[in-house]
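What follows is a short report on a single structure.
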Amino acid sequence: MAWLNICAKTVALSGKPVSWTTPLGLPVVQPYRKKGGKRTVMTVLQTVILAESHDDLPLAAHKQKAAFPPNYVHSLDATHMFLTSLACQEQVIRTPF
């Protein structure tokens, strides 16, 4: 986990979002960026807060670093479950998935 944190911090400090490709070939990009400006819109029924959000905002390096290890592990777990389910299907084994 410490090594994954170091990797995420290094990538985030370079100004790029942390990204990887799962063993299935699925590309993953963490979208965590600093918050942009907000605007409050009052309507008859409610107050709505509109927050600026786009890829030009600076990265939230701390969030990139904190989120990478669990997101990476979850992507590997999902890959394993998918491949296990395919193997069960090939063997005609019913799965609880």
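If you're wondering about the labels, chains in the structure tokens are A, B, ... by order shown, residues count from 1 in each chain, ligands from 1 in order shown.
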Problem - Exercise: stretch 26-43 of chain A partners within 12 Å, only C-alpha atoms, chain neighbours under 2 positions left out, as an MDAnalysis selection string - result: chainID A and resid 8 11:12 15:24 45:72 74:76 78:79
Keeping only C-alpha atoms, write those residues as a PDB file, in the first residue's frame.
ATOM      1  CA  ALA A   8       0.015   7.943  -6.902  1.00  0.00           C
ATOM      2  CA  VAL A  11       1.915  10.832 -10.784  1.00  0.00           C
ATOM      3  CA  ALA A  12      -0.378  13.449  -9.217  1.00  0.00           C
ATOM      4  CA  GLY A  15      -0.078  17.197 -12.986  1.00  0.00           C
ATOM      5  CA  LYS A  16      -1.644  14.099 -14.510  1.00  0.00           C
ATOM      6  CA  PRO A  17      -4.467  12.013 -13.023  1.00  0.00           C
ATOM      7  CA  VAL A  18      -3.589   8.539 -11.767  1.00  0.00           C
ATOM      8  CA  SER A  19      -4.599   5.949 -14.359  1.00  0.00           C
ATOM      9  CA  TRP A  20      -4.055   2.278 -15.088  1.00  0.00           C
ATOM     10  CA  THR A  21      -5.361  -0.541 -17.248  1.00  0.00           C
ATOM     11  CA  THR A  22      -6.936  -3.614 -15.657  1.00  0.00           C
ATOM     12  CA  PRO A  23      -5.874  -7.119 -16.769  1.00  0.00           C
ATOM     13  CA  LEU A  24      -9.083  -7.182 -18.846  1.00  0.00           C
ATOM     14  CA  LEU A  45     -39.210  25.096  -4.822  1.00  0.00           C
ATOM     15  CA  GLN A  46     -35.570  24.810  -3.771  1.00  0.00           C
ATOM     16  CA  THR A  47     -32.068  26.197  -3.775  1.00  0.00           C
ATOM     17  CA  VAL A  48     -29.666  24.532  -6.212  1.00  0.00           C
ATOM     18  CA  ILE A  49     -25.873  24.818  -5.999  1.00  0.00           C
ATOM     19  CA  LEU A  50     -24.074  24.511  -9.319  1.00  0.00           C
ATOM     20  CA  ALA A  51     -20.403  23.524  -9.006  1.00  0.00           C
ATOM     21  CA  GLU A  52     -17.832  23.990 -11.734  1.00  0.00           C
ATOM     22  CA  SER A  53     -16.302  20.679 -12.762  1.00  0.00           C
ATOM     23  CA  HIS A  54     -14.080  20.028 -15.773  1.00  0.00           C
ATOM     24  CA  ASP A  55     -10.752  18.515 -16.778  1.00  0.00           C
ATOM     25  CA  ASP A  56      -8.981  21.901 -16.787  1.00  0.00           C
ATOM     26  CA  LEU A  57      -9.199  22.240 -12.985  1.00  0.00           C
ATOM     27  CA  PRO A  58      -6.007  21.374 -11.068  1.00  0.00           C
ATOM     28  CA  LEU A  59      -5.680  17.871  -9.651  1.00  0.00           C
ATOM     29  CA  ALA A  60      -6.535  17.147  -6.045  1.00  0.00           C
ATOM     30  CA  ALA A  61      -3.203  15.412  -5.342  1.00  0.00           C
ATOM     31  CA  HIS A  62      -4.187  14.296  -1.832  1.00  0.00           C
ATOM     32  CA  LYS A  63      -7.432  12.709  -3.073  1.00  0.00           C
ATOM     33  CA  GLN A  64      -5.569  11.045  -5.974  1.00  0.00           C
ATOM     34  CA  LYS A  65      -3.071   9.570  -3.503  1.00  0.00           C
ATOM     35  CA  ALA A  66      -5.645   8.469  -0.908  1.00  0.00           C
ATOM     36  CA  ALA A  67      -8.032   6.884  -3.414  1.00  0.00           C
ATOM     37  CA  PHE A  68      -5.560   5.005  -5.593  1.00  0.00           C
ATOM     38  CA  PRO A  69      -4.793   1.938  -3.422  1.00  0.00           C
ATOM     39  CA  PRO A  70      -8.445   0.959  -2.760  1.00  0.00           C
ATOM     40  CA  ASN A  71      -9.538   1.796  -6.314  1.00  0.00           C
ATOM     41  CA  TYR A  72      -6.695  -0.284  -7.761  1.00  0.00           C
ATOM     42  CA  HIS A  74     -11.176  -3.041  -6.277  1.00  0.00           C
ATOM     43  CA  SER A  75     -10.404  -3.083 -10.006  1.00  0.00           C
ATOM     44  CA  LEU A  76      -8.308  -6.233  -9.545  1.00  0.00           C
ATOM     45  CA  ALA A  78     -13.633  -7.089 -10.099  1.00  0.00           C
ATOM     46  CA  THR A  79     -11.345  -8.536 -12.775  1.00  0.00           C
TER      47      THR A  79
END
Exercise for the section: Just list the residues in chain A DSSP gives strand (DSSP E) on the backbone, as a PyMOL selection string. Expected result: chain A and resi 19-21+27-29+38-42+47-51
Handout entry: Sel. of helix (DSSP H, G or I) residues, chain A, as a ChimeraX atom specification
Key = /A:2-13,61-90
Could the residues in this selection be saved with C-alpha atoms as an mmCIF file, in the first residue's frame?
data_model
loop_
_atom_site.group_PDB
_atom_site.id
_atom_site.type_symbol
_atom_site.label_atom_id
_atom_site.label_comp_id
_atom_site.auth_asym_id
_atom_site.auth_seq_id
_atom_site.Cartn_x
_atom_site.Cartn_y
_atom_site.Cartn_z
ATOM 1 C CA ALA A 2 2.878 2.377 0.779
ATOM 2 C CA TRP A 3 4.333 1.754 -2.673
ATOM 3 C CA LEU A 4 0.963 2.452 -4.330
ATOM 4 C CA ASN A 5 0.724 5.716 -2.346
ATOM 5 C CA ILE A 6 4.201 6.762 -3.522
ATOM 6 C CA CYS A 7 3.257 5.967 -7.126
ATOM 7 C CA ALA A 8 0.015 7.943 -6.902
ATOM 8 C CA LYS A 9 1.731 10.934 -5.282
ATOM 9 C CA THR A 10 4.443 10.960 -7.950
ATOM 10 C CA VAL A 11 1.915 10.832 -10.784
ATOM 11 C CA ALA A 12 -0.378 13.449 -9.217
ATOM 12 C CA LEU A 13 2.501 15.865 -8.603
ATOM 13 C CA ALA A 61 -3.203 15.412 -5.342
ATOM 14 C CA HIS A 62 -4.187 14.296 -1.832
ATOM 15 C CA LYS A 63 -7.432 12.709 -3.073
ATOM 16 C CA GLN A 64 -5.569 11.045 -5.974
ATOM 17 C CA LYS A 65 -3.071 9.570 -3.503
ATOM 18 C CA ALA A 66 -5.645 8.469 -0.908
ATOM 19 C CA ALA A 67 -8.032 6.884 -3.414
ATOM 20 C CA PHE A 68 -5.560 5.005 -5.593
ATOM 21 C CA PRO A 69 -4.793 1.938 -3.422
ATOM 22 C CA PRO A 70 -8.445 0.959 -2.760
ATOM 23 C CA ASN A 71 -9.538 1.796 -6.314
ATOM 24 C CA TYR A 72 -6.695 -0.284 -7.761
ATOM 25 C CA VAL A 73 -7.434 -3.257 -5.494
ATOM 26 C CA HIS A 74 -11.176 -3.041 -6.277
ATOM 27 C CA SER A 75 -10.404 -3.083 -10.006
ATOM 28 C CA LEU A 76 -8.308 -6.233 -9.545
ATOM 29 C CA ASP A 77 -11.042 -7.850 -7.413
ATOM 30 C CA ALA A 78 -13.633 -7.089 -10.099
ATOM 31 C CA THR A 79 -11.345 -8.536 -12.775
ATOM 32 C CA HIS A 80 -10.858 -11.702 -10.719
ATOM 33 C CA MET A 81 -14.606 -12.081 -10.155
ATOM 34 C CA PHE A 82 -15.305 -11.608 -13.871
ATOM 35 C CA LEU A 83 -12.679 -14.154 -14.917
ATOM 36 C CA THR A 84 -13.884 -16.627 -12.261
ATOM 37 C CA SER A 85 -17.435 -16.254 -13.528
ATOM 38 C CA LEU A 86 -16.286 -16.913 -17.111
ATOM 39 C CA ALA A 87 -14.352 -20.006 -15.997
ATOM 40 C CA CYS A 88 -17.417 -21.286 -14.145
ATOM 41 C CA GLN A 89 -19.539 -20.708 -17.232
ATOM 42 C CA GLU A 90 -17.072 -22.691 -19.355
#
